[in-house]
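Chemist: Below is the structure I would like to discuss, written out as C-alpha cells.
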Amino acid sequence: MGRFTSLLAAFSLVVLSCSGEDKDEPKYPSNGSAPALSQSSIQASCNGGDFSITVDAGGEWSAYSDAIDSKGDNWVSVQSAYDDDWKKGTVYVHVDPNVNKYTSTEPRQGSVIVKSGSARSEVTVNQEGNVVDNSINCPIDGYALVWNDEFEGDDVNGDWTFESKGPGWVNNELQTYVVRDPKSCSVSNGSLKITAYKDGDKVKSTRMYACANTGWQYGYMEARIKLPKGSGTWPAFWMMPTVFTSWPACGEIDIMEEVGNHANYVSSSLHATGHYHANGTQVTKEILCQGAEDDFHIYAMEWTKDYIQFYVDGNKTLYYENDGKGERNWPYDKPFYVILNLAWGGDWGGAWGVNPAHLPTTMEVDYVRVFQRK
C-alpha cells in the first residue's frame with residue numbers, strides 16, 4: 001500500500017475523458033458547497049471551438065455534459081484535468097460545429113456540469129446557428145440547392161477528383177488527362193479554366209469528377225459555361241453512375257457536348273442498352289446556340305423518376321420519358337456524378353480533323369450547381 005501511495009503522489013496531473021455523465025460519486029465528498037467555477041456560461045459560434053473552465057471544489061470532483069443533439073449524440077465533450085490534491089483543476093470543453101452548408105441551423109443550448117459529492121455547479125453552453133445564403137435559387141420551383149462550386153478563390157472545392165489517362169483511353173481521343181496540372185486546370189476571377197494545350201508531342205487536358213463516390217439520384221443540374229474554340233475540341237458537361245459495371249447498360253447522361261468542327265451546335269444525349277450511339281439509336285437533340293464559344297450559356301437538366309428534360313438558357317430541348325420497361329431503357333434510377341472535361345480529337349471531336357494550331361484552347365466554367373426536391 002505504501003508503494004502505491006508513493007506512485008500516486010508522483011503524478012501532479014491526471015486526465016480523465018468524459019463524453020457523458022460520470023455515474024460514480026467522488027470518493028471524497030465536498031464540504032457541501034458547490035464547486036467554484038471560473039465562468040457561468042460559454043458562448044460558441046456556429047463553427048464550434050475549444051474552451052476551458054477552472055474548477056475549485058472542496059473535495060474530489062468530476063464533470064460531464066448533457067448537450068445532446070437531435071440524433072442523440074453529444075455535441076459538447078469534456079476532459080477533466082486534476083491538480084495533485086484532486087480538489088482543483090480544469091475542464092477542457094470542445095463544442096462541435098453547428099453548420100450545414102445548404103440548410104440553416106437553429107441555435108442550441110446545453111450544459112457542462114461539475115459535481116462534487118451531492119453539490120453541483122453548471123456552465124451553460126450557448127451556440128449560434130448558421131444562416132445559409134439562399135440567394136442561389138433553382139429556376140424550377142420546388143428544388144433547393146444541395147451542392148455547388150462557384151469557383152471562387154483560387155481552387156476548386158474538395159469534392160472534385162481528377163482523372164489520369166493517356167491517349168486512346170476512350171473514343172480514340174488524343175489527349176492525355178493530367179491531375180491538377182495548373183496549365184490545364186486553374187481557378188481565377190470567379191471561374192474554372194480547363195485548357196487543352198500542347199506539351200511536346202502530347203496534348204494535355206483535364207477530366208474532373210464531382211462527388212464521384214456518392215453522386216445524386218434525381219435533381220436539377222446546371223452549369224454556366226463558355227466553350228473552347230478550335231478544330232478538334234470536344235468539351236462536355238455530363239454524368240455517369242457511381243456504381244459502374246458495363247457501358248451502356250449502366251447509362252450515361254450527356255447534359256451538354258459540342259465539337260469545335262461544328263461550332264456552337266450543342267447537344268444533349270442519353271445512352272442505355274436500348275439507345276446508344278454505337279448503333280445509332282441514342283436519344284439526342286442538337287441545337288444551334290449562337291455565341292456558345294464567345295460567351296457563357298447555361299446548360300441544365302431536370303431529372304426525375306418519370307422523365308429527363310434538358311435545357312439551354314432556360315429553353316427546353318430534349319425530353320425523354322420513363323416508359324416503365326426497366327433498365328434497358330431507363331437505367332437512370334440510381335446515383336450519377338457530374339463530369340467536366342475537354343477532350344481533343346477522337347471519334348467525334350476529330351471526325352473532321354484536328355488543328356494543333358488552335359491550341360491552347362480553354363473551356364471556362366462559371367459555376368456548377370445541383371438542386372434536389374425540398
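Numbering starts fresh at 1 for the residues of each chain in the C-alpha cells, the chains themselves are lettered A, B, ... in the order given, and ligands are numbered from 1 as they appear.
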Residues at most 10 Å from Val170 of chain A, counting only C-alpha atoms, excluding those fewer than 5 positions away in the same chain, as a PyMOL selection string?

Modeler: chain A and resi 165+343+346-347

Chemist: Please tabulate, as CSV, the residues of segment 122-159 of chain A that come within 6 Å of segment 105-116 of chain A, each with its closest pair of atoms and the distance in Å to one decimal, counting only C-alpha atoms and ordering rows by chain, then residue number upward.

Modeler:
```
residue,atom,partner,partner_atom,distance
A:Glu122,CA,A:Ile113,CA,4.6
A:Val123,CA,A:Val112,CA,5.1
A:Thr124,CA,A:Ser111,CA,4.5
A:Val125,CA,A:Gly110,CA,5.1
A:Asn126,CA,A:Gln109,CA,4.7
A:Gln127,CA,A:Arg108,CA,5.4
A:Glu128,CA,A:Pro107,CA,4.5
A:Gly129,CA,A:Pro107,CA,4.1
A:Asn130,CA,A:Thr105,CA,5.2
```

Chemist: Please, could you write that set of residues out with all heavy atoms as a PDB file, in the first residue's frame?

Modeler:
```
ATOM      1  N   GLU A 122     -22.952  24.524 -12.643  1.00  0.00           N
ATOM      2  CA  GLU A 122     -23.287  24.357 -14.056  1.00  0.00           C
ATOM      3  C   GLU A 122     -22.783  25.532 -14.879  1.00  0.00           C
ATOM      4  O   GLU A 122     -22.871  26.678 -14.457  1.00  0.00           O
ATOM      5  CB  GLU A 122     -24.809  24.231 -14.185  1.00  0.00           C
ATOM      6  CG  GLU A 122     -25.305  23.938 -15.580  1.00  0.00           C
ATOM      7  CD  GLU A 122     -26.801  23.667 -15.592  1.00  0.00           C
ATOM      8  OE1 GLU A 122     -27.243  22.781 -14.838  1.00  0.00           O
ATOM      9  OE2 GLU A 122     -27.512  24.361 -16.344  1.00  0.00           O
ATOM     10  N   VAL A 123     -22.273  25.209 -16.064  1.00  0.00           N
ATOM     11  CA  VAL A 123     -21.889  26.218 -17.048  1.00  0.00           C
ATOM     12  C   VAL A 123     -22.789  26.020 -18.270  1.00  0.00           C
ATOM     13  O   VAL A 123     -22.814  24.933 -18.863  1.00  0.00           O
ATOM     14  CB  VAL A 123     -20.407  26.102 -17.456  1.00  0.00           C
ATOM     15  CG1 VAL A 123     -20.085  27.067 -18.593  1.00  0.00           C
ATOM     16  CG2 VAL A 123     -19.499  26.350 -16.267  1.00  0.00           C
ATOM     17  N   THR A 124     -23.537  27.046 -18.617  1.00  0.00           N
ATOM     18  CA  THR A 124     -24.428  26.964 -19.783  1.00  0.00           C
ATOM     19  C   THR A 124     -23.620  27.176 -21.058  1.00  0.00           C
ATOM     20  O   THR A 124     -22.805  28.103 -21.144  1.00  0.00           O
ATOM     21  CB  THR A 124     -25.529  28.029 -19.696  1.00  0.00           C
ATOM     22  OG1 THR A 124     -26.262  27.839 -18.480  1.00  0.00           O
ATOM     23  CG2 THR A 124     -26.475  27.924 -20.873  1.00  0.00           C
ATOM     24  N   VAL A 125     -23.833  26.304 -22.039  1.00  0.00           N
ATOM     25  CA  VAL A 125     -23.163  26.421 -23.338  1.00  0.00           C
ATOM     26  C   VAL A 125     -24.189  26.882 -24.363  1.00  0.00           C
ATOM     27  O   VAL A 125     -25.161  26.169 -24.654  1.00  0.00           O
ATOM     28  CB  VAL A 125     -22.531  25.094 -23.776  1.00  0.00           C
ATOM     29  CG1 VAL A 125     -21.828  25.262 -25.128  1.00  0.00           C
ATOM     30  CG2 VAL A 125     -21.564  24.578 -22.724  1.00  0.00           C
ATOM     31  N   ASN A 126     -24.013  28.074 -24.876  1.00  0.00           N
ATOM     32  CA  ASN A 126     -24.879  28.632 -25.917  1.00  0.00           C
ATOM     33  C   ASN A 126     -24.133  28.637 -27.244  1.00  0.00           C
ATOM     34  O   ASN A 126     -23.023  29.169 -27.326  1.00  0.00           O
ATOM     35  CB  ASN A 126     -25.288  30.067 -25.567  1.00  0.00           C
ATOM     36  CG  ASN A 126     -26.101  30.141 -24.292  1.00  0.00           C
ATOM     37  OD1 ASN A 126     -27.169  29.562 -24.189  1.00  0.00           O
ATOM     38  ND2 ASN A 126     -25.578  30.852 -23.291  1.00  0.00           N
ATOM     39  N   GLN A 127     -24.726  28.040 -28.254  1.00  0.00           N
ATOM     40  CA  GLN A 127     -24.084  28.012 -29.569  1.00  0.00           C
ATOM     41  C   GLN A 127     -24.997  28.608 -30.629  1.00  0.00           C
ATOM     42  O   GLN A 127     -26.193  28.302 -30.689  1.00  0.00           O
ATOM     43  CB  GLN A 127     -23.705  26.586 -29.980  1.00  0.00           C
ATOM     44  CG  GLN A 127     -22.893  26.545 -31.280  1.00  0.00           C
ATOM     45  CD  GLN A 127     -22.404  25.156 -31.636  1.00  0.00           C
ATOM     46  OE1 GLN A 127     -23.006  24.163 -31.255  1.00  0.00           O
ATOM     47  NE2 GLN A 127     -21.311  25.084 -32.369  1.00  0.00           N
ATOM     48  N   GLU A 128     -24.421  29.438 -31.483  1.00  0.00           N
ATOM     49  CA  GLU A 128     -25.161  30.058 -32.570  1.00  0.00           C
ATOM     50  C   GLU A 128     -25.534  29.033 -33.635  1.00  0.00           C
ATOM     51  O   GLU A 128     -24.839  28.030 -33.820  1.00  0.00           O
ATOM     52  CB  GLU A 128     -24.312  31.151 -33.241  1.00  0.00           C
ATOM     53  CG  GLU A 128     -23.888  32.277 -32.326  1.00  0.00           C
ATOM     54  CD  GLU A 128     -22.903  33.208 -33.008  1.00  0.00           C
ATOM     55  OE1 GLU A 128     -22.356  32.818 -34.070  1.00  0.00           O
ATOM     56  OE2 GLU A 128     -22.671  34.304 -32.487  1.00  0.00           O
ATOM     57  N   GLY A 129     -26.621  29.295 -34.346  1.00  0.00           N
ATOM     58  CA  GLY A 129     -26.918  28.542 -35.556  1.00  0.00           C
ATOM     59  C   GLY A 129     -26.267  29.228 -36.745  1.00  0.00           C
ATOM     60  O   GLY A 129     -25.732  30.331 -36.626  1.00  0.00           O
ATOM     61  N   ASN A 130     -26.266  28.548 -37.881  1.00  0.00           N
ATOM     62  CA  ASN A 130     -25.740  29.209 -39.074  1.00  0.00           C
ATOM     63  C   ASN A 130     -26.872  29.508 -40.045  1.00  0.00           C
ATOM     64  O   ASN A 130     -27.851  28.765 -40.128  1.00  0.00           O
ATOM     65  CB  ASN A 130     -24.640  28.383 -39.755  1.00  0.00           C
ATOM     66  CG  ASN A 130     -25.193  27.285 -40.646  1.00  0.00           C
ATOM     67  OD1 ASN A 130     -25.902  26.415 -40.179  1.00  0.00           O
ATOM     68  ND2 ASN A 130     -24.841  27.312 -41.916  1.00  0.00           N
TER      69      ASN A 130
END
```

Chemist: What is the atom CA of Asp313 of chain A-atom CA of Leu342 of chain A distance in Å, reported with one decimal?

Modeler: 21.0 Å

Chemist: Sorted by chain and rising residue number, which residues of segment 236-345 of chain A lie within 10 Å of segment 220-226 of chain A, and what are their closest atom pairs and distances in Å to one decimal, counting only C-alpha atoms, as JSON lines?

Modeler:
```
{"residue": "A:Ala236", "atom": "CA", "partner": "A:Ile225", "partner_atom": "CA", "distance": 9.9}
{"residue": "A:Phe237", "atom": "CA", "partner": "A:Ala223", "partner_atom": "CA", "distance": 7.8}
{"residue": "A:Trp238", "atom": "CA", "partner": "A:Met221", "partner_atom": "CA", "distance": 9.6}
{"residue": "A:Met239", "atom": "CA", "partner": "A:Met221", "partner_atom": "CA", "distance": 9.8}
{"residue": "A:Ile255", "atom": "CA", "partner": "A:Met221", "partner_atom": "CA", "distance": 8.6}
{"residue": "A:Met256", "atom": "CA", "partner": "A:Ala223", "partner_atom": "CA", "distance": 9.4}
{"residue": "A:Gly291", "atom": "CA", "partner": "A:Lys226", "partner_atom": "CA", "distance": 8.8}
{"residue": "A:Ala292", "atom": "CA", "partner": "A:Lys226", "partner_atom": "CA", "distance": 6.1}
{"residue": "A:Glu293", "atom": "CA", "partner": "A:Lys226", "partner_atom": "CA", "distance": 5.7}
{"residue": "A:Asp294", "atom": "CA", "partner": "A:Lys226", "partner_atom": "CA", "distance": 6.6}
{"residue": "A:Asp295", "atom": "CA", "partner": "A:Lys226", "partner_atom": "CA", "distance": 5.3}
{"residue": "A:Phe296", "atom": "CA", "partner": "A:Lys226", "partner_atom": "CA", "distance": 4.3}
{"residue": "A:His297", "atom": "CA", "partner": "A:Arg224", "partner_atom": "CA", "distance": 5.4}
{"residue": "A:Ile298", "atom": "CA", "partner": "A:Arg224", "partner_atom": "CA", "distance": 4.3}
{"residue": "A:Tyr299", "atom": "CA", "partner": "A:Ala223", "partner_atom": "CA", "distance": 5.5}
{"residue": "A:Ala300", "atom": "CA", "partner": "A:Glu222", "partner_atom": "CA", "distance": 4.2}
{"residue": "A:Met301", "atom": "CA", "partner": "A:Met221", "partner_atom": "CA", "distance": 5.4}
{"residue": "A:Glu302", "atom": "CA", "partner": "A:Tyr220", "partner_atom": "CA", "distance": 4.4}
{"residue": "A:Trp303", "atom": "CA", "partner": "A:Tyr220", "partner_atom": "CA", "distance": 6.2}
{"residue": "A:Thr304", "atom": "CA", "partner": "A:Tyr220", "partner_atom": "CA", "distance": 8.7}
{"residue": "A:Ile308", "atom": "CA", "partner": "A:Tyr220", "partner_atom": "CA", "distance": 9.7}
{"residue": "A:Gln309", "atom": "CA", "partner": "A:Tyr220", "partner_atom": "CA", "distance": 9.4}
{"residue": "A:Phe310", "atom": "CA", "partner": "A:Met221", "partner_atom": "CA", "distance": 9.6}
{"residue": "A:Tyr311", "atom": "CA", "partner": "A:Glu222", "partner_atom": "CA", "distance": 9.0}
{"residue": "A:Val312", "atom": "CA", "partner": "A:Glu222", "partner_atom": "CA", "distance": 9.7}
{"residue": "A:Asp313", "atom": "CA", "partner": "A:Arg224", "partner_atom": "CA", "distance": 9.0}
{"residue": "A:Val338", "atom": "CA", "partner": "A:Met221", "partner_atom": "CA", "distance": 8.6}
{"residue": "A:Leu340", "atom": "CA", "partner": "A:Ala223", "partner_atom": "CA", "distance": 9.8}
```

Chemist: Keeping only N, CA, C and O atoms, take the residues you just selected and write them out as a JSON list (two decimals), in the first residue's frame.

Modeler:
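This went into result.json:
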```json
[["chain", "number", "residue", "atom", "x", "y", "z"],
["A", 236, "ALA", "N", -17.40, 18.80, -72.64],
["A", 236, "ALA", "CA", -18.62, 18.13, -72.20],
["A", 236, "ALA", "C", -18.90, 18.42, -70.72],
["A", 236, "ALA", "O", -17.99, 18.58, -69.91],
["A", 237, "PHE", "N", -20.19, 18.47, -70.41],
["A", 237, "PHE", "CA", -20.75, 18.54, -69.06],
["A", 237, "PHE", "C", -21.74, 17.39, -68.99],
["A", 237, "PHE", "O", -22.77, 17.41, -69.65],
["A", 238, "TRP", "N", -21.42, 16.34, -68.20],
["A", 238, "TRP", "CA", -22.20, 15.11, -68.29],
["A", 238, "TRP", "C", -22.16, 14.35, -66.99],
["A", 238, "TRP", "O", -21.56, 14.79, -66.00],
["A", 239, "MET", "N", -22.79, 13.13, -66.97],
["A", 239, "MET", "CA", -22.91, 12.37, -65.74],
["A", 239, "MET", "C", -22.78, 10.87, -66.03],
["A", 239, "MET", "O", -23.21, 10.38, -67.08],
["A", 255, "ILE", "N", -25.40, 16.13, -70.58],
["A", 255, "ILE", "CA", -26.17, 17.36, -70.47],
["A", 255, "ILE", "C", -25.80, 18.33, -71.59],
["A", 255, "ILE", "O", -26.65, 18.98, -72.17],
["A", 256, "MET", "N", -24.49, 18.40, -71.88],
["A", 256, "MET", "CA", -24.04, 19.28, -72.96],
["A", 256, "MET", "C", -22.75, 18.73, -73.56],
["A", 256, "MET", "O", -21.81, 18.40, -72.85],
["A", 291, "GLY", "N", -23.14, 31.96, -80.33],
["A", 291, "GLY", "CA", -22.18, 32.55, -79.41],
["A", 291, "GLY", "C", -21.74, 31.64, -78.29],
["A", 291, "GLY", "O", -21.18, 32.11, -77.29],
["A", 292, "ALA", "N", -21.96, 30.33, -78.41],
["A", 292, "ALA", "CA", -21.58, 29.40, -77.35],
["A", 292, "ALA", "C", -20.08, 29.41, -77.08],
["A", 292, "ALA", "O", -19.64, 29.13, -75.96],
["A", 293, "GLU", "N", -19.28, 29.75, -78.10],
["A", 293, "GLU", "CA", -17.82, 29.79, -77.93],
["A", 293, "GLU", "C", -17.32, 31.19, -77.60],
["A", 293, "GLU", "O", -16.12, 31.38, -77.37],
["A", 294, "ASP", "N", -18.21, 32.16, -77.56],
["A", 294, "ASP", "CA", -17.81, 33.55, -77.31],
["A", 294, "ASP", "C", -18.29, 34.08, -75.97],
["A", 294, "ASP", "O", -17.78, 35.07, -75.47],
["A", 295, "ASP", "N", -19.29, 33.42, -75.39],
["A", 295, "ASP", "CA", -19.85, 33.91, -74.13],
["A", 295, "ASP", "C", -20.40, 32.73, -73.34],
["A", 295, "ASP", "O", -20.50, 31.61, -73.84],
["A", 296, "PHE", "N", -20.78, 33.00, -72.09],
["A", 296, "PHE", "CA", -21.33, 31.96, -71.23],
["A", 296, "PHE", "C", -22.79, 31.68, -71.57],
["A", 296, "PHE", "O", -23.57, 32.60, -71.84],
["A", 297, "HIS", "N", -23.13, 30.40, -71.50],
["A", 297, "HIS", "CA", -24.52, 29.97, -71.63],
["A", 297, "HIS", "C", -24.80, 28.91, -70.57],
["A", 297, "HIS", "O", -23.87, 28.26, -70.07],
["A", 298, "ILE", "N", -26.08, 28.76, -70.23],
["A", 298, "ILE", "CA", -26.47, 27.86, -69.15],
["A", 298, "ILE", "C", -27.02, 26.57, -69.72],
["A", 298, "ILE", "O", -27.97, 26.57, -70.52],
["A", 299, "TYR", "N", -26.43, 25.46, -69.30],
["A", 299, "TYR", "CA", -26.83, 24.12, -69.74],
["A", 299, "TYR", "C", -27.35, 23.37, -68.52],
["A", 299, "TYR", "O", -26.70, 23.35, -67.47],
["A", 300, "ALA", "N", -28.53, 22.76, -68.64],
["A", 300, "ALA", "CA", -29.16, 22.19, -67.46],
["A", 300, "ALA", "C", -30.01, 20.98, -67.80],
["A", 300, "ALA", "O", -30.33, 20.71, -68.97],
["A", 301, "MET", "N", -30.36, 20.26, -66.74],
["A", 301, "MET", "CA", -31.21, 19.08, -66.87],
["A", 301, "MET", "C", -32.06, 18.94, -65.62],
["A", 301, "MET", "O", -31.56, 19.06, -64.50],
["A", 302, "GLU", "N", -33.35, 18.66, -65.80],
["A", 302, "GLU", "CA", -34.20, 18.22, -64.70],
["A", 302, "GLU", "C", -34.39, 16.71, -64.85],
["A", 302, "GLU", "O", -34.84, 16.23, -65.90],
["A", 303, "TRP", "N", -34.09, 15.99, -63.79],
["A", 303, "TRP", "CA", -34.09, 14.53, -63.81],
["A", 303, "TRP", "C", -34.97, 14.02, -62.69],
["A", 303, "TRP", "O", -34.69, 14.28, -61.51],
["A", 304, "THR", "N", -36.05, 13.34, -63.02],
["A", 304, "THR", "CA", -36.96, 12.77, -62.04],
["A", 304, "THR", "C", -37.09, 11.27, -62.30],
["A", 304, "THR", "O", -36.52, 10.75, -63.27],
["A", 308, "ILE", "N", -36.69, 12.91, -68.01],
["A", 308, "ILE", "CA", -35.50, 13.76, -68.05],
["A", 308, "ILE", "C", -35.76, 14.85, -69.07],
["A", 308, "ILE", "O", -36.15, 14.57, -70.22],
["A", 309, "GLN", "N", -35.55, 16.11, -68.66],
["A", 309, "GLN", "CA", -35.76, 17.27, -69.54],
["A", 309, "GLN", "C", -34.49, 18.10, -69.55],
["A", 309, "GLN", "O", -33.97, 18.48, -68.51],
["A", 310, "PHE", "N", -33.97, 18.38, -70.75],
["A", 310, "PHE", "CA", -32.77, 19.19, -70.89],
["A", 310, "PHE", "C", -33.13, 20.63, -71.27],
["A", 310, "PHE", "O", -34.18, 20.88, -71.89],
["A", 311, "TYR", "N", -32.21, 21.56, -70.92],
["A", 311, "TYR", "CA", -32.42, 22.99, -71.19],
["A", 311, "TYR", "C", -31.13, 23.62, -71.69],
["A", 311, "TYR", "O", -30.02, 23.23, -71.28],
["A", 312, "VAL", "N", -31.29, 24.64, -72.53],
["A", 312, "VAL", "CA", -30.19, 25.55, -72.90],
["A", 312, "VAL", "C", -30.72, 26.96, -72.69],
["A", 312, "VAL", "O", -31.73, 27.35, -73.31],
["A", 313, "ASP", "N", -30.08, 27.69, -71.78],
["A", 313, "ASP", "CA", -30.51, 29.06, -71.43],
["A", 313, "ASP", "C", -31.99, 29.11, -71.07],
["A", 313, "ASP", "O", -32.72, 30.05, -71.44],
["A", 338, "VAL", "N", -21.29, 14.18, -61.51],
["A", 338, "VAL", "CA", -21.05, 15.18, -62.55],
["A", 338, "VAL", "C", -19.62, 15.08, -63.07],
["A", 338, "VAL", "O", -18.67, 14.89, -62.29],
["A", 340, "LEU", "N", -16.84, 17.13, -65.80],
["A", 340, "LEU", "CA", -16.43, 18.19, -66.71],
["A", 340, "LEU", "C", -15.15, 17.74, -67.40],
["A", 340, "LEU", "O", -14.22, 17.27, -66.73]]
```

Chemist: Residues of segment 58-81 of chain A that approach segment 89-97 of chain A to 7 Å or less, counting only C-alpha atoms: could you list each one with the shortest pair of atoms and its distance in Å to one decimal, rows by chain and increasing residue number, as CSV?

Modeler:
```
residue,atom,partner,partner_atom,distance
A:Trp75,CA,A:Asp96,CA,5.3
A:Val76,CA,A:Val95,CA,4.7
A:Ser77,CA,A:His94,CA,5.3
A:Val78,CA,A:Val93,CA,4.6
A:Gln79,CA,A:Tyr92,CA,5.1
A:Ser80,CA,A:Val91,CA,4.6
A:Ala81,CA,A:Thr90,CA,5.2
```

Chemist: Do you have the atom CA of Asp306 of chain A-atom CA of Leu318 of chain A distance handy?

Modeler: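 Taking atom CA of Asp306 of chain A as the start and atom CA of Leu318 of chain A as the end point, the length is 14.4 Å.
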
Chemist: Can you measure atom CA of Trp247 of chain A to atom CA of Ile287 of chain A for me? One decimal in Å is fine.

Modeler: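 Computed distance, atom CA of Trp247 of chain A to atom CA of Ile287 of chain A, equals 26.0 Å.
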
Chemist: Measuring atom to atom with only C-alpha atoms, identify which of A:Tyr307, A:Asn171, A:Gln290, A:Ser186 is nearest to Gly350 of chain A.

Modeler: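 Looking only at the distances to Gly350 of chain A, the closest residue turns out to be A:Asn171.
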
Chemist: Env of segment 191-200 of chain A: 7 Å cut, atoms = only C-alpha atoms, seq-sep filter 5 positions within chain, self excluded. Answer as a list in words.

Modeler: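 The filter keeps Phe151, Glu152, Lys183, Ser184, Cys185, Ser186, Ser205, Thr206, Leu342, Leu359, Pro360, Thr361, Thr362, Met363, Glu364, Val365, Asp366 and Tyr367 of chain A.
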
Chemist: Restricting the output to N, CA and C atoms, write the selected residues as a PDB file, in the first residue's frame.

Modeler:
```pdb
ATOM      1  N   PHE A 151     -16.589  28.387 -57.952  1.00  0.00           N
ATOM      2  CA  PHE A 151     -15.227  28.629 -58.412  1.00  0.00           C
ATOM      3  C   PHE A 151     -14.718  29.998 -57.986  1.00  0.00           C
ATOM      4  N   GLU A 152     -14.943  30.290 -56.712  1.00  0.00           N
ATOM      5  CA  GLU A 152     -14.390  31.500 -56.115  1.00  0.00           C
ATOM      6  C   GLU A 152     -13.039  31.153 -55.490  1.00  0.00           C
ATOM      7  N   LYS A 183      -1.456  24.318 -65.672  1.00  0.00           N
ATOM      8  CA  LYS A 183      -1.605  24.808 -67.043  1.00  0.00           C
ATOM      9  C   LYS A 183      -2.918  24.342 -67.660  1.00  0.00           C
ATOM     10  N   SER A 184      -3.452  23.242 -67.131  1.00  0.00           N
ATOM     11  CA  SER A 184      -4.661  22.669 -67.699  1.00  0.00           C
ATOM     12  C   SER A 184      -5.900  22.935 -66.861  1.00  0.00           C
ATOM     13  N   CYS A 185      -5.722  23.137 -65.566  1.00  0.00           N
ATOM     14  CA  CYS A 185      -6.866  23.353 -64.681  1.00  0.00           C
ATOM     15  C   CYS A 185      -6.528  24.431 -63.659  1.00  0.00           C
ATOM     16  N   SER A 186      -7.256  25.524 -63.696  1.00  0.00           N
ATOM     17  CA  SER A 186      -6.991  26.616 -62.765  1.00  0.00           C
ATOM     18  C   SER A 186      -8.292  27.341 -62.442  1.00  0.00           C
ATOM     19  N   SER A 205      -4.825  17.753 -71.068  1.00  0.00           N
ATOM     20  CA  SER A 205      -6.100  18.363 -70.713  1.00  0.00           C
ATOM     21  C   SER A 205      -6.568  17.819 -69.370  1.00  0.00           C
ATOM     22  N   THR A 206      -7.813  18.160 -68.979  1.00  0.00           N
ATOM     23  CA  THR A 206      -8.344  17.786 -67.671  1.00  0.00           C
ATOM     24  C   THR A 206      -9.716  17.145 -67.805  1.00  0.00           C
ATOM     25  N   LEU A 342     -12.498  18.348 -71.194  1.00  0.00           N
ATOM     26  CA  LEU A 342     -12.219  18.883 -72.522  1.00  0.00           C
ATOM     27  C   LEU A 342     -11.351  17.867 -73.249  1.00  0.00           C
ATOM     28  N   LEU A 359      -4.391  25.258 -80.517  1.00  0.00           N
ATOM     29  CA  LEU A 359      -4.009  25.071 -79.121  1.00  0.00           C
ATOM     30  C   LEU A 359      -3.065  26.179 -78.656  1.00  0.00           C
ATOM     31  N   PRO A 360      -3.148  26.602 -77.391  1.00  0.00           N
ATOM     32  CA  PRO A 360      -4.070  26.131 -76.353  1.00  0.00           C
ATOM     33  C   PRO A 360      -5.470  26.716 -76.537  1.00  0.00           C
ATOM     34  N   THR A 361      -6.436  26.012 -76.009  1.00  0.00           N
ATOM     35  CA  THR A 361      -7.814  26.484 -76.054  1.00  0.00           C
ATOM     36  C   THR A 361      -8.493  26.116 -74.741  1.00  0.00           C
ATOM     37  N   THR A 362      -9.453  26.941 -74.304  1.00  0.00           N
ATOM     38  CA  THR A 362      -9.961  26.827 -72.937  1.00  0.00           C
ATOM     39  C   THR A 362     -11.479  26.734 -72.872  1.00  0.00           C
ATOM     40  N   MET A 363     -11.934  25.826 -72.058  1.00  0.00           N
ATOM     41  CA  MET A 363     -13.339  25.715 -71.646  1.00  0.00           C
ATOM     42  C   MET A 363     -13.445  26.412 -70.287  1.00  0.00           C
ATOM     43  N   GLU A 364     -14.327  27.415 -70.180  1.00  0.00           N
ATOM     44  CA  GLU A 364     -14.420  28.206 -68.957  1.00  0.00           C
ATOM     45  C   GLU A 364     -15.781  27.960 -68.298  1.00  0.00           C
ATOM     46  N   VAL A 365     -15.764  27.658 -66.998  1.00  0.00           N
ATOM     47  CA  VAL A 365     -16.982  27.299 -66.263  1.00  0.00           C
ATOM     48  C   VAL A 365     -17.192  28.302 -65.135  1.00  0.00           C
ATOM     49  N   ASP A 366     -18.326  28.974 -65.176  1.00  0.00           N
ATOM     50  CA  ASP A 366     -18.652  29.962 -64.142  1.00  0.00           C
ATOM     51  C   ASP A 366     -19.100  29.290 -62.852  1.00  0.00           C
ATOM     52  N   TYR A 367     -19.926  28.252 -62.965  1.00  0.00           N
ATOM     53  CA  TYR A 367     -20.368  27.521 -61.780  1.00  0.00           C
ATOM     54  C   TYR A 367     -20.950  26.179 -62.198  1.00  0.00           C
TER      55      TYR A 367
END
```

Chemist: Going by DSSP on the backbone, which residues of segment 2-236 of chain A come out as alpha helix (DSSP H)? List them as a PDB file with C-alpha atoms, in the first residue's frame.

Modeler:
```
ATOM      1  CA  GLY A   2       2.849   2.400   0.796  1.00  0.00           C
ATOM      2  CA  ARG A   3       4.385   1.864  -2.651  1.00  0.00           C
ATOM      3  CA  PHE A   4       1.014   2.582  -4.292  1.00  0.00           C
ATOM      4  CA  THR A   5       0.613   5.786  -2.300  1.00  0.00           C
ATOM      5  CA  SER A   6       4.079   6.946  -3.354  1.00  0.00           C
ATOM      6  CA  LEU A   7       3.358   6.290  -7.013  1.00  0.00           C
ATOM      7  CA  LEU A   8       0.066   8.155  -6.786  1.00  0.00           C
ATOM      8  CA  ALA A   9       1.739  11.154  -5.232  1.00  0.00           C
ATOM      9  CA  ALA A  10       4.249  11.295  -8.060  1.00  0.00           C
TER      10      ALA A  10
END
```

Chemist: From the list A:Val146, A:Glu321, A:Cys250, A:Leu174, which residue is nearest Arg373 of chain A when using only C-alpha atoms?

Modeler: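 Smallest separation from Arg373 of chain A among the options: A:Val146.
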
Chemist: Ranking A:Glu150, A:Trp344, A:Tyr64, A:Ser246 by minimum distance to Gly166 of chain A and counting only C-alpha atoms, which one comes first?

Modeler: A:Trp344
